[in-house]
file protein14.cif (mmCIF, C-alpha atoms)
data_data
#
loop_
_atom_site.label_atom_id
_atom_site.label_comp_id
_atom_site.auth_asym_id
_atom_site.auth_seq_id
_atom_site.Cartn_x
_atom_site.Cartn_y
_atom_site.Cartn_z
CA MET A 23 0.00 0.00 0.00
CA LYS A 24 2.89 2.41 0.74
CA LYS A 25 4.25 1.77 -2.73
CA ASN A 26 0.91 2.66 -4.29
CA ILE A 27 0.71 5.88 -2.30
CA LEU A 28 4.27 6.90 -3.26
CA THR A 29 3.58 6.96 -6.99
CA PRO A 30 0.78 9.57 -6.99
CA CYS A 31 2.71 11.66 -4.47
CA LEU A 32 5.74 11.83 -6.76
CA ILE A 33 3.53 12.70 -9.71
CA PHE A 34 1.85 15.41 -7.64
CA LEU A 35 5.18 16.98 -6.68
CA PHE A 36 6.30 16.93 -10.31
CA SER A 37 3.06 18.56 -11.42
CA LEU A 38 3.51 21.35 -8.89
CA ASN A 39 6.88 22.08 -10.46
CA MET A 40 5.36 22.10 -13.95
CA GLN A 41 2.46 24.39 -13.12
CA ALA A 42 2.63 28.11 -13.72
CA GLN A 43 4.68 29.69 -10.99
CA PRO A 44 3.19 32.46 -8.83
CA LEU A 45 3.60 35.84 -10.42
CA GLY A 46 6.79 37.50 -9.23
CA LYS A 47 7.39 41.19 -8.76
CA ASN A 48 9.16 41.29 -12.15
CA THR A 49 6.29 39.64 -14.02
CA LYS A 50 4.59 41.92 -16.54
CA ILE A 51 0.93 41.32 -17.26
CA TRP A 52 0.19 41.98 -20.93
CA SER A 53 -3.19 42.91 -22.34
CA LEU A 54 -4.18 41.80 -25.81
CA GLN A 55 -3.72 45.31 -27.23
CA GLU A 56 -0.29 45.60 -25.63
CA CYS A 57 0.74 42.34 -27.30
CA ILE A 58 -0.49 43.58 -30.68
CA ASP A 59 1.24 46.96 -30.35
CA TYR A 60 4.51 45.37 -29.22
CA ALA A 61 4.46 42.86 -32.08
CA ASN A 62 3.85 45.63 -34.63
CA GLU A 63 6.94 47.39 -33.37
CA HIS A 64 9.33 44.46 -32.81
CA ASN A 65 8.26 41.58 -35.03
CA LEU A 66 10.87 40.87 -37.69
CA GLU A 67 8.35 40.35 -40.49
CA ILE A 68 6.93 43.81 -39.80
CA GLN A 69 10.43 45.31 -39.75
CA MET A 70 11.29 43.62 -43.05
CA GLN A 71 8.18 45.12 -44.61
CA GLN A 72 9.26 48.54 -43.35
CA VAL A 73 12.59 48.07 -45.16
CA ASN A 74 10.63 47.38 -48.37
CA ILE A 75 8.92 50.74 -47.91
CA ASP A 76 12.29 52.46 -47.55
CA LYS A 77 13.53 50.73 -50.72
CA GLN A 78 10.47 51.87 -52.66
CA GLU A 79 10.99 55.45 -51.47
CA VAL A 80 14.47 55.28 -53.00
CA THR A 81 12.96 53.97 -56.26
CA LEU A 82 10.48 56.86 -56.30
CA ASN A 83 13.27 59.36 -55.68
CA THR A 84 15.23 57.86 -58.60
CA ALA A 85 12.22 58.24 -60.91
CA ARG A 86 11.73 61.87 -59.90
CA ASN A 87 15.39 62.70 -60.46
CA LYS A 88 15.15 61.64 -64.12
CA ARG A 89 13.73 65.11 -64.79
CA LEU A 90 17.00 66.72 -63.75
CA PRO A 91 19.87 67.46 -66.14
CA ASN A 92 22.91 65.26 -65.89
CA LEU A 93 26.49 66.50 -65.77
CA THR A 94 29.53 64.55 -66.90
CA ALA A 95 33.19 65.54 -66.65
CA ASN A 96 36.02 63.75 -68.45
CA ALA A 97 39.80 64.09 -68.48
CA SER A 98 42.47 62.11 -70.30
CA GLN A 99 46.24 62.11 -70.75
CA SER A 100 47.85 60.41 -73.73
CA PHE A 101 51.42 59.89 -74.94
CA SER A 102 52.52 59.13 -78.52
CA PHE A 103 55.84 57.70 -79.65
CA GLY A 104 57.13 57.25 -83.20
CA ARG A 105 55.64 58.35 -86.47
CA SER A 106 52.45 60.37 -86.10
CA ALA A 107 50.64 63.36 -87.47
CA SER A 108 52.11 66.70 -86.46
CA GLY A 109 49.93 69.03 -84.49
CA TYR A 110 51.38 71.96 -86.39
CA ASP A 111 51.36 71.16 -90.13
CA ASN A 112 49.52 67.82 -90.17
CA THR A 113 52.48 66.03 -91.72
CA TYR A 114 53.72 62.68 -90.47
CA GLN A 115 56.97 62.82 -88.59
CA ASP A 116 58.85 60.77 -86.02
CA ARG A 117 58.04 62.67 -82.91
CA ASN A 118 57.24 62.00 -79.30
CA SER A 119 54.22 63.94 -78.09
CA SER A 120 51.73 64.17 -75.27
CA SER A 121 48.18 65.44 -75.11
CA THR A 122 45.97 66.46 -72.22
CA GLN A 123 42.22 66.69 -72.80
CA TRP A 124 39.30 67.54 -70.56
CA SER A 125 35.62 68.18 -71.13
CA ALA A 126 32.26 68.64 -69.42
CA SER A 127 28.82 67.98 -70.90
CA THR A 128 25.20 68.04 -69.82
CA SER A 129 21.93 66.72 -71.21
CA VAL A 130 18.41 67.84 -70.29
CA PRO A 131 15.34 65.75 -71.24
CA ILE A 132 12.66 67.89 -72.87
CA PHE A 133 10.18 65.29 -74.09
CA THR A 134 10.39 61.54 -73.38
CA GLY A 135 7.02 60.38 -74.60
CA PHE A 136 5.55 60.89 -71.10
CA MET A 137 7.81 58.10 -69.83
CA ILE A 138 9.20 59.99 -66.84
CA ASN A 139 5.78 61.21 -65.67
CA ASN A 140 4.34 57.70 -65.85
CA GLU A 141 7.35 56.16 -64.10
CA ILE A 142 6.93 58.64 -61.25
CA ALA A 143 3.20 57.92 -61.04
CA ALA A 144 3.84 54.16 -61.06
CA SER A 145 6.50 54.48 -58.35
CA LYS A 146 4.12 56.50 -56.17
CA LEU A 147 1.49 53.79 -56.52
CA ASP A 148 4.08 51.11 -55.74
CA LEU A 149 5.03 53.01 -52.60
CA GLN A 150 1.37 53.14 -51.55
CA ALA A 151 1.09 49.42 -52.30
CA VAL A 152 4.06 48.40 -50.12
CA THR A 153 2.73 50.68 -47.38
CA ALA A 154 -0.59 48.85 -47.65
CA GLU A 155 1.32 45.55 -47.52
CA LEU A 156 2.77 46.70 -44.21
CA GLU A 157 -0.78 47.27 -42.95
CA LYS A 158 -1.74 43.85 -44.31
CA ALA A 159 1.14 42.27 -42.41
CA LYS A 160 0.01 44.05 -39.25
CA GLU A 161 -3.56 42.84 -39.75
CA ASN A 162 -2.37 39.25 -40.18
CA MET A 163 -0.15 39.65 -37.14
CA GLU A 164 -3.13 40.92 -35.13
CA ILE A 165 -5.15 37.80 -35.96
CA ASN A 166 -2.20 35.53 -35.12
CA ILE A 167 -1.53 37.34 -31.84
CA THR A 168 -5.21 37.18 -30.90
CA THR A 169 -5.31 33.45 -31.64
CA SER A 170 -2.18 32.78 -29.61
CA TYR A 171 -3.39 35.02 -26.77
CA LEU A 172 -6.70 33.15 -26.53
CA GLN A 173 -4.80 29.86 -26.60
CA VAL A 174 -2.96 30.97 -23.45
CA LEU A 175 -6.24 31.83 -21.73
CA TYR A 176 -7.75 28.51 -22.83
CA SER A 177 -4.72 26.60 -21.53
CA LYS A 178 -4.99 28.39 -18.21
CA GLU A 179 -8.60 27.33 -17.79
CA ILE A 180 -7.78 23.75 -18.77
CA LEU A 181 -4.99 23.71 -16.15
CA ASP A 182 -7.41 25.07 -13.56
CA ILE A 183 -9.91 22.34 -14.44
CA ALA A 184 -7.22 19.67 -14.13
CA ASN A 185 -6.17 21.01 -10.71
CA ARG A 186 -9.77 21.06 -9.51
CA GLN A 187 -10.26 17.45 -10.56
CA ALA A 188 -7.06 16.44 -8.79
CA ASP A 189 -8.26 18.22 -5.64
CA LEU A 190 -11.55 16.33 -5.81
CA SER A 191 -9.67 13.06 -6.10
CA ARG A 192 -7.53 13.89 -3.08
CA GLU A 193 -10.65 14.77 -1.10
CA GLN A 194 -12.13 11.48 -2.19
CA LEU A 195 -9.02 9.66 -0.96
CA GLU A 196 -9.33 11.25 2.50
CA ARG A 197 -13.01 10.38 2.60
CA THR A 198 -12.36 6.79 1.50
CA LYS A 199 -9.68 6.37 4.17
CA LYS A 200 -12.14 7.46 6.86
CA MET A 201 -14.71 5.07 5.49
CA TYR A 202 -12.04 2.34 5.55
CA GLU A 203 -11.34 3.05 9.21
CA ASN A 204 -15.07 2.70 9.93
CA GLY A 205 -15.25 -0.53 8.00
CA ARG A 206 -17.29 0.94 5.18
CA ALA A 207 -14.61 0.70 2.47
CA SER A 208 -12.10 -1.90 1.35
CA ASP A 209 -8.41 -1.78 0.39
CA ALA A 210 -9.40 -2.10 -3.26
CA GLN A 211 -11.39 1.13 -3.08
CA ILE A 212 -8.40 3.01 -1.67
CA TYR A 213 -6.16 1.63 -4.43
CA GLU A 214 -8.73 2.66 -7.01
CA VAL A 215 -8.80 6.26 -5.73
CA GLU A 216 -5.00 6.40 -5.62
CA ALA A 217 -4.88 5.28 -9.24
CA GLN A 218 -7.38 8.02 -10.11
CA ILE A 219 -5.18 10.60 -8.34
CA ALA A 220 -2.22 9.46 -10.42
CA ASN A 221 -4.23 9.88 -13.64
CA ASP A 222 -5.45 13.31 -12.53
CA GLU A 223 -1.93 14.45 -11.70
CA LEU A 224 -0.75 13.32 -15.12
CA SER A 225 -3.50 15.46 -16.60
CA VAL A 226 -2.23 18.39 -14.51
CA VAL A 227 1.30 17.83 -15.83
CA GLN A 228 0.07 17.77 -19.43
CA ALA A 229 -2.11 20.86 -18.93
CA ALA A 230 0.80 22.74 -17.32
CA SER A 231 3.07 21.76 -20.20
CA ASP A 232 0.46 22.92 -22.75
CA LEU A 233 0.20 26.25 -20.94
CA GLN A 234 3.96 26.72 -20.97
CA MET A 235 4.08 25.98 -24.69
CA ALA A 236 1.21 28.41 -25.36
CA ILE A 237 3.02 31.16 -23.42
CA LEU A 238 6.26 30.35 -25.24
CA SER A 239 4.54 30.52 -28.63
CA LEU A 240 3.06 33.94 -27.86
CA ALA A 241 6.37 35.23 -26.45
CA GLN A 242 8.20 34.08 -29.59
CA MET A 243 5.61 35.76 -31.77
CA LEU A 244 6.32 38.99 -29.87
CA GLU A 245 10.07 38.44 -30.41
CA LEU A 246 10.64 38.39 -26.64
CA PRO A 247 14.03 36.94 -25.67
CA THR A 248 12.47 34.67 -23.04
CA PRO A 249 8.98 33.83 -21.74
CA GLU A 250 10.22 34.31 -18.16
CA GLY A 251 8.33 37.10 -16.42
CA PHE A 252 5.68 37.12 -19.16
CA ASP A 253 1.98 36.59 -18.50
CA VAL A 254 -1.28 37.72 -20.04
CA GLU A 255 -4.21 39.60 -18.64
CA GLU A 256 -7.39 37.65 -18.06
CA PRO A 257 -10.34 39.80 -19.19
CA GLU A 258 -13.61 39.56 -17.31
CA ASP A 259 -16.19 38.27 -19.79
CA MET A 260 -15.51 38.27 -23.51
CA VAL A 261 -18.61 36.28 -24.49
CA ASP A 262 -21.16 38.25 -26.47
CA PHE A 263 -23.53 36.23 -28.61
CA LEU A 264 -24.88 39.21 -30.57
CA LEU A 265 -24.08 39.06 -34.32
CA VAL A 266 -25.54 42.31 -35.60
CA ARG A 267 -24.54 42.37 -39.27
CA ARG A 268 -24.95 39.81 -42.00
CA PRO A 269 -22.04 38.68 -44.24
CA ASN A 270 -23.05 40.92 -47.18
CA ALA A 271 -23.05 44.04 -45.01
CA ILE A 272 -19.73 43.09 -43.43
CA TYR A 273 -18.22 42.52 -46.87
CA GLU A 274 -19.29 45.94 -48.09
CA THR A 275 -17.29 47.43 -45.23
CA ALA A 276 -14.32 45.09 -45.44
CA VAL A 277 -13.78 45.48 -49.19
CA THR A 278 -13.10 49.20 -48.66
CA THR A 279 -11.05 48.94 -45.46
CA ARG A 280 -8.94 45.77 -45.62
CA ALA A 281 -5.35 46.31 -46.64
CA ALA A 282 -5.27 43.06 -48.64
CA ILE A 283 -7.79 44.51 -51.12
CA ARG A 284 -6.14 47.92 -51.16
CA VAL A 285 -2.79 46.33 -52.09
CA GLU A 286 -4.27 44.63 -55.15
CA GLU A 287 -6.10 47.79 -56.24
CA LEU A 288 -2.92 49.84 -56.04
CA ARG A 289 -0.97 47.17 -57.92
CA LEU A 290 -3.57 47.33 -60.70
CA LYS A 291 -3.25 51.11 -60.98
CA SER A 292 0.52 50.76 -60.98
CA ASN A 293 0.37 48.23 -63.83
CA GLU A 294 -1.74 50.69 -65.84
CA LYS A 295 1.03 53.27 -65.47
CA TYR A 296 3.71 50.76 -66.43
CA MET A 297 1.79 49.97 -69.59
CA LYS A 298 1.89 53.69 -70.43
CA VAL A 299 5.63 53.64 -69.74
CA ALA A 300 5.97 50.86 -72.32
CA GLN A 301 3.80 52.79 -74.79
CA SER A 302 6.01 55.87 -74.44
CA SER A 303 8.65 54.14 -76.58
CA PHE A 304 6.37 54.70 -79.60
CA TYR A 305 6.92 58.47 -79.26
CA PRO A 306 9.96 60.45 -80.41
CA THR A 307 12.19 61.93 -77.72
CA LEU A 308 13.78 65.36 -77.58
CA SER A 309 16.64 66.49 -75.39
CA PHE A 310 18.95 69.47 -75.07
CA GLY A 311 22.70 69.05 -74.78
CA ALA A 312 25.60 71.36 -74.09
CA GLY A 313 29.29 70.93 -73.42
CA TYR A 314 32.76 72.41 -73.23
CA SER A 315 36.13 70.81 -74.01
CA ASN A 316 39.77 71.89 -74.11
CA ASN A 317 43.18 70.32 -74.65
CA TYR A 318 46.92 70.90 -74.41
CA TYR A 319 49.48 69.50 -76.88
CA LYS A 320 53.19 69.09 -76.33
CA ILE A 321 55.67 67.82 -78.94
CA ASN A 322 59.21 67.03 -77.93
CA GLY A 323 61.83 68.97 -79.89
CA PHE A 324 59.56 71.90 -80.79
CA ASN A 325 58.89 75.23 -79.17
CA ASN A 326 55.36 74.50 -77.94
CA THR A 327 52.74 77.14 -77.38
CA SER A 328 52.36 77.92 -73.70
CA PHE A 329 49.75 76.20 -71.60
CA SER A 330 47.80 79.41 -71.02
CA ASP A 331 47.73 80.27 -74.72
CA GLN A 332 46.56 76.79 -75.68
CA LEU A 333 43.95 76.91 -72.96
CA LYS A 334 42.72 80.17 -74.43
CA ASN A 335 42.79 79.06 -78.06
CA ASN A 336 41.77 75.38 -77.89
CA GLY A 337 38.51 75.80 -76.02
CA ASN A 338 35.38 74.41 -77.67
CA GLU A 339 31.76 75.02 -76.61
CA TYR A 340 28.65 73.50 -78.08
CA PHE A 341 24.95 73.04 -77.54
CA SER A 342 22.53 70.83 -79.39
CA LEU A 343 18.94 69.66 -79.70
CA ASN A 344 18.72 65.90 -80.13
CA LEU A 345 15.62 64.36 -81.67
CA SER A 346 15.25 60.59 -81.72
CA VAL A 347 12.41 59.06 -83.76
CA PRO A 348 11.67 55.33 -83.30
CA VAL A 349 11.24 53.68 -86.69
CA PHE A 350 11.76 49.94 -86.21
CA ASN A 351 13.20 48.16 -83.17
CA ARG A 352 12.34 44.56 -84.05
CA PHE A 353 8.85 44.84 -82.46
CA ALA A 354 10.43 45.17 -79.00
CA THR A 355 8.18 48.09 -78.02
CA ARG A 356 5.06 46.34 -79.30
CA ASN A 357 5.87 43.21 -77.32
CA ASN A 358 6.68 45.23 -74.20
CA VAL A 359 3.25 46.84 -74.44
CA LYS A 360 1.58 43.45 -74.89
CA THR A 361 3.43 42.09 -71.86
CA ALA A 362 2.39 45.11 -69.78
CA ARG A 363 -1.24 44.68 -70.86
CA LEU A 364 -1.16 40.99 -69.93
CA ASN A 365 0.32 41.87 -66.52
CA MET A 366 -2.55 44.30 -66.04
CA GLN A 367 -5.09 41.60 -66.93
CA LEU A 368 -3.47 39.21 -64.47
CA GLN A 369 -3.65 41.88 -61.77
CA GLU A 370 -7.33 42.47 -62.53
CA LEU A 371 -7.95 38.76 -62.01
CA GLN A 372 -5.86 38.82 -58.84
CA LEU A 373 -7.94 41.69 -57.49
CA GLU A 374 -11.17 39.88 -58.29
CA ASN A 375 -9.84 36.69 -56.70
CA SER A 376 -8.86 38.59 -53.54
CA LYS A 377 -12.35 40.07 -53.28
CA LYS A 378 -13.96 36.64 -53.68
CA SER A 379 -11.58 35.16 -51.10
CA LEU A 380 -12.45 37.97 -48.71
CA TYR A 381 -16.17 37.31 -49.15
CA LYS A 382 -15.66 33.58 -48.56
CA GLU A 383 -13.61 34.29 -45.43
CA ILE A 384 -16.32 36.58 -44.08
CA GLN A 385 -19.02 34.01 -44.80
CA GLN A 386 -17.01 31.29 -43.08
CA ALA A 387 -16.23 33.56 -40.12
CA TYR A 388 -19.88 34.52 -39.73
CA TYR A 389 -21.30 31.00 -39.85
CA ASN A 390 -18.46 29.62 -37.75
CA ALA A 391 -19.18 32.28 -35.14
CA ALA A 392 -22.91 31.52 -35.20
CA THR A 393 -22.29 27.76 -34.95
CA SER A 394 -19.68 28.20 -32.20
CA GLY A 395 -22.12 30.34 -30.23
CA GLU A 396 -24.74 27.63 -30.38
CA LYS A 397 -22.17 25.00 -29.41
CA TYR A 398 -21.13 27.09 -26.44
CA LYS A 399 -24.71 27.49 -25.28
CA SER A 400 -25.27 23.72 -25.55
CA ALA A 401 -21.99 22.99 -23.79
CA GLU A 402 -23.00 25.34 -20.97
CA VAL A 403 -26.27 23.49 -20.49
CA ALA A 404 -24.49 20.11 -20.61
CA TYR A 405 -21.98 21.23 -18.02
CA LYS A 406 -24.61 22.48 -15.61
CA SER A 407 -26.44 19.17 -15.89
CA ALA A 408 -23.23 17.19 -15.37
CA GLU A 409 -22.34 19.39 -12.38
CA LYS A 410 -25.71 18.71 -10.74
CA SER A 411 -25.40 15.00 -11.47
CA PHE A 412 -21.95 14.96 -9.87
CA GLY A 413 -23.31 16.73 -6.78
CA TYR A 414 -25.98 14.05 -6.35
CA MET A 415 -23.43 11.29 -6.90
CA LYS A 416 -21.14 12.80 -4.26
CA GLU A 417 -24.00 12.73 -1.74
CA LYS A 418 -24.80 9.14 -2.65
CA LEU A 419 -21.15 8.15 -2.17
CA ASP A 420 -21.06 9.85 1.25
CA ASN A 421 -24.19 7.90 2.23
CA GLY A 422 -22.79 4.63 0.96
CA ARG A 423 -25.33 4.34 -1.85
CA ALA A 424 -22.81 4.66 -4.69
CA THR A 425 -19.56 2.94 -5.59
CA THR A 426 -16.23 4.58 -6.24
CA TYR A 427 -16.49 3.57 -9.86
CA GLU A 428 -19.82 5.37 -10.22
CA TYR A 429 -18.37 8.43 -8.48
CA ASN A 430 -15.33 8.52 -10.78
CA ASP A 431 -17.50 8.01 -13.81
CA SER A 432 -19.68 10.98 -12.82
CA LYS A 433 -16.62 13.11 -12.10
CA THR A 434 -15.13 12.21 -15.48
CA SER A 435 -18.39 13.17 -17.19
CA MET A 436 -18.40 16.54 -15.40
CA THR A 437 -14.73 17.15 -16.29
CA LYS A 438 -15.37 16.33 -19.93
CA ALA A 439 -18.42 18.62 -20.00
CA LEU A 440 -16.41 21.43 -18.40
CA SER A 441 -13.58 20.97 -20.88
CA ASN A 442 -16.03 20.94 -23.79
CA ARG A 443 -17.60 24.14 -22.48
CA THR A 444 -14.20 25.82 -22.17
CA GLN A 445 -13.18 24.74 -25.65
CA ALA A 446 -16.49 25.93 -27.13
CA LYS A 447 -16.16 29.21 -25.25
CA TYR A 448 -12.76 30.13 -26.62
CA ASP A 449 -13.60 28.84 -30.07
CA PHE A 450 -16.57 31.19 -30.13
CA ILE A 451 -14.53 34.12 -28.79
CA LEU A 452 -11.91 33.61 -31.51
CA ARG A 453 -14.55 33.38 -34.26
CA LYS A 454 -16.24 36.51 -32.94
CA LYS A 455 -12.91 38.37 -32.80
CA ILE A 456 -12.19 37.47 -36.41
CA LEU A 457 -15.64 38.67 -37.43
CA GLU A 458 -15.13 41.93 -35.56
CA PHE A 459 -11.82 42.34 -37.36
CA TYR A 460 -13.61 42.32 -40.72
CA GLU A 461 -16.29 44.69 -39.42
CA ARG A 462 -13.80 47.26 -38.17
CA GLN A 463 -13.84 50.57 -40.03
#

call {"tool": "encode", "arguments": {"input": "protein14.cif", "output": "structure tokens"}}
result
Amino acid sequence: MKKNILTPCLIFLFSLNMQAQPLGKNTKIWSLQECIDYANEHNLEIQMQQVNIDKQEVTLNTARNKRLPNLTANASQSFSFGRSASGYDNTYQDRNSSSTQWSASTSVPIFTGFMINNEIAASKLDLQAVTAELEKAKENMEINITTSYLQVLYSKEILDIANRQADLSREQLERTKKMYENGRASDAQIYEVEAQIANDELSVVQAASDLQMAILSLAQMLELPTPEGFDVEEPEDMVDFLLVRRPNAIYETAVTTRAAIRVEELRLKSNEKYMKVAQSSFYPTLSFGAGYSNNYYKINGFNNTSFSDQLKNNGNEYFSLNLSVPVFNRFATRNNVKTARLNMQLQELQLENSKKSLYKEIQQAYYNAATSGEKYKSAEVAYKSAEKSFGYMKEKLDNGRATTYEYNDSKTSMTKALSNRTQAKYDFILRKKILEFYERQ
């Protein structure tokens, strides 16, 4: 008998070590909104999306700067040995000479077939799109954080249920021992209760482990270095069965507010601009150019003109208007336009597909929420009935009118009903949260 008692005691001590430790003075209690805000600031996926925004801002700045004139400066030094043309009389002689040349030129675009304007417009739309993708990432993160947060709360309640069942079993053991002392119970009944305590303590261990993993998962999602000192706030009552709006009404709101739809709309507008960029190659281009160049010649064996005189006499300035008319470029422009138009058609289909997916998600969220609400109500009724039944069975056991097996069976039924109610509760809360997410303006 001592051996049988030792096993559940060891399991009980191990379960106490596995359970959530009492909150220390350094433990921070996080609300759901605090978790969401912290994740938006520290999550690596969010930070990577912010870098994409910075990159697109650089791309936009590059497109804008195409309107500016360019400026190029060149300098060269050359040496000639042997027979070459003379810089004086243009005859060929065996001379060693050197030449220094330098120049500066600029070019200003005047008309580029509207290419620059459309590139700037497309880059602006791309910047808005990647900004919307950041909002989309934050929205997805909010749903994931909410799911993980509710999982922690669910695991806490499951651990509490497991502890309560273990306490009931220990009370039953004390009661059975007293009955044994009075000759109303046998050794077999004590062994049976001890076995039940061992099973209950194993359930406590598993529930404590599940809670630790749920907390770890949420902490990792927040990019916290460790889950130590991390706990979540337990709100009072999050159950509200009221579903005010139907899926169609929710969709009409969501299609104008969700970042996932806004991203695809902006990508479509951007593709329209890129098609105009491709079409701009059909137009002639006009640019203005200007430049200045100078050089200095030196021939060994001759009295060369001084550097200052050559600098004064060899200068050359120019300006020009350059017109380029596309005539035939092997159908490259035509094919580029076709490709851009096909990309636009694909984006139109992508936008339509995103809208249909959004509507399906809202429908599923609505009916899942409605079904989960009904399941929760039924589970609540089942639990109350099981709780009453267990109360009667406990009285019958105290009066010797029920066996330990019947008592354990009733307790198991109540535990299962309580667990089902808890699961249905948090399933409904999650479904309702997702629905509220789509309804949010």

call {"tool": "closest_residue", "arguments": {"input": "protein14.cif", "among": "A:Glu67, A:Glu458, A:Asp189, A:Asp59", "to": "Glu155 (chain A)", "atoms": "all atoms listed in the file"}}
result
A:Glu67

call {"tool": "residues_around", "arguments": {"input": "protein14.cif", "residues": "region 181-184 of chain A", "least_positions_apart": "4", "cutoff": "7 Å", "atoms": "all atoms listed in the file", "output": "MDAnalysis selection string"}}
result
chainID A and resid 177 188 222 225:226 229:230

call {"tool": "resolve_selection", "arguments": {"input": "protein14.cif", "expression": "the PyMOL selection byres ((chain A and resi 98-101) around 9)", "output": "JSON, numbers by chain"}}
result
{"A": [96, 97, 102, 103, 118, 119, 120, 121, 122, 123, 124]}

call {"tool": "atom_distance", "arguments": {"input": "protein14.cif", "atom1": "CA of Lys146 (chain A)", "atom2": "CA of Glu370 (chain A)"}}
result
19.2 Å

call {"tool": "closest_residue", "arguments": {"input": "protein14.cif", "among": "A:Ile180, A:Ala282, A:Val254, A:Ala144", "to": "Ala439 (chain A)", "atoms": "all atoms listed in the file"}}
result
A:Ile180

call {"tool": "resolve_selection", "arguments": {"input": "protein14.cif", "expression": "the PyMOL selection byres ((chain A and resi 209-221) around 7)", "output": "list in words"}}
result
Ile27, Pro30, Ile33, Ala188, Ser191, Arg192, Leu195, Thr198, Lys199, Ala207, Ser208, Asp222, Glu223, Leu224, Ser225 and Thr426 of chain A

call {"tool": "atom_distance", "arguments": {"input": "protein14.cif", "atom1": "CA of Glu286 (chain A)", "atom2": "CA of Leu373 (chain A)"}}
result
5.3 Å

call {"tool": "closest_residue", "arguments": {"input": "protein14.cif", "among": "A:Thr153, A:Ile272, A:Tyr427, A:Val174", "to": "Glu255 (chain A)", "atoms": "all atoms listed in the file"}}
result
A:Val174

call {"tool": "residues_around", "arguments": {"input": "protein14.cif", "residues": "Ser328 (chain A)", "least_positions_apart": "4", "cutoff": "10 Å", "atoms": "only C-alpha atoms", "output": "list in words"}}
result
Tyr318, Tyr319, Lys320, Gln332, Leu333 and Lys334 of chain A

call {"tool": "write_last_selection", "arguments": {"input": "protein14.cif", "atoms": "C-alpha atoms", "output": "mmCIF file, keeping the file's coordinate frame"}}
result
data_model
loop_
_atom_site.group_PDB
_atom_site.id
_atom_site.type_symbol
_atom_site.label_atom_id
_atom_site.label_comp_id
_atom_site.auth_asym_id
_atom_site.auth_seq_id
_atom_site.Cartn_x
_atom_site.Cartn_y
_atom_site.Cartn_z
ATOM 1 C CA TYR A 318 46.920 70.900 -74.410
ATOM 2 C CA TYR A 319 49.480 69.500 -76.880
ATOM 3 C CA LYS A 320 53.190 69.090 -76.330
ATOM 4 C CA GLN A 332 46.560 76.790 -75.680
ATOM 5 C CA LEU A 333 43.950 76.910 -72.960
ATOM 6 C CA LYS A 334 42.720 80.170 -74.430
#

call {"tool": "closest_residue", "arguments": {"input": "protein14.cif", "among": "A:Arg289, A:Lys382, A:Gln187, A:Val152", "to": "Asn430 (chain A)", "atoms": "only C-alpha atoms"}}
result
A:Gln187

call {"tool": "atom_distance", "arguments": {"input": "protein14.cif", "atom1": "CA of Ser441 (chain A)", "atom2": "CA of Thr169 (chain A)"}}
result
18.4 Å

call {"tool": "residues_around", "arguments": {"input": "protein14.cif", "residues": "Val359 (chain A)", "least_positions_apart": "2", "cutoff": "7 Å", "atoms": "only C-alpha atoms", "output": "MDAnalysis selection string"}}
result
chainID A and resid 297 300:301 355:357 361:363

call {"tool": "closest_residue", "arguments": {"input": "protein14.cif", "among": "A:Glu383, A:Glu157, A:Glu409, A:Asp420", "to": "Asn270 (chain A)", "atoms": "only C-alpha atoms"}}
result
A:Glu383

call {"tool": "resolve_selection", "arguments": {"input": "protein14.cif", "expression": "the PyMOL selection byres ((chain A and resi 75-89) around 9)", "output": "PyMOL selection string"}}
result
chain A and resi 70-74+90-92+130-132+138-139+141-146+148-150+152-153+156

call {"tool": "write_last_selection", "arguments": {"input": "protein14.cif", "atoms": "C-alpha atoms", "output": "mmCIF file, in the coordinates of the input"}}
result
data_model
loop_
_atom_site.group_PDB
_atom_site.id
_atom_site.type_symbol
_atom_site.label_atom_id
_atom_site.label_comp_id
_atom_site.auth_asym_id
_atom_site.auth_seq_id
_atom_site.Cartn_x
_atom_site.Cartn_y
_atom_site.Cartn_z
ATOM 1 C CA MET A 70 11.290 43.620 -43.050
ATOM 2 C CA GLN A 71 8.180 45.120 -44.610
ATOM 3 C CA GLN A 72 9.260 48.540 -43.350
ATOM 4 C CA VAL A 73 12.590 48.070 -45.160
ATOM 5 C CA ASN A 74 10.630 47.380 -48.370
ATOM 6 C CA LEU A 90 17.000 66.720 -63.750
ATOM 7 C CA PRO A 91 19.870 67.460 -66.140
ATOM 8 C CA ASN A 92 22.910 65.260 -65.890
ATOM 9 C CA VAL A 130 18.410 67.840 -70.290
ATOM 10 C CA PRO A 131 15.340 65.750 -71.240
ATOM 11 C CA ILE A 132 12.660 67.890 -72.870
ATOM 12 C CA ILE A 138 9.200 59.990 -66.840
ATOM 13 C CA ASN A 139 5.780 61.210 -65.670
ATOM 14 C CA GLU A 141 7.350 56.160 -64.100
ATOM 15 C CA ILE A 142 6.930 58.640 -61.250
ATOM 16 C CA ALA A 143 3.200 57.920 -61.040
ATOM 17 C CA ALA A 144 3.840 54.160 -61.060
ATOM 18 C CA SER A 145 6.500 54.480 -58.350
ATOM 19 C CA LYS A 146 4.120 56.500 -56.170
ATOM 20 C CA ASP A 148 4.080 51.110 -55.740
ATOM 21 C CA LEU A 149 5.030 53.010 -52.600
ATOM 22 C CA GLN A 150 1.370 53.140 -51.550
ATOM 23 C CA VAL A 152 4.060 48.400 -50.120
ATOM 24 C CA THR A 153 2.730 50.680 -47.380
ATOM 25 C CA LEU A 156 2.770 46.700 -44.210
#

call {"tool": "axis_aligned_box", "arguments": {"input": "protein14.cif", "around": "region 400-407 of chain A", "padding_each_side": "4 Å", "output": "lines of an AutoDock Vina configuration file"}}
result
center_x = -24.2
center_y = 22.3
center_z = -20.6
size_x = 12.5
size_y = 14.2
size_z = 17.9
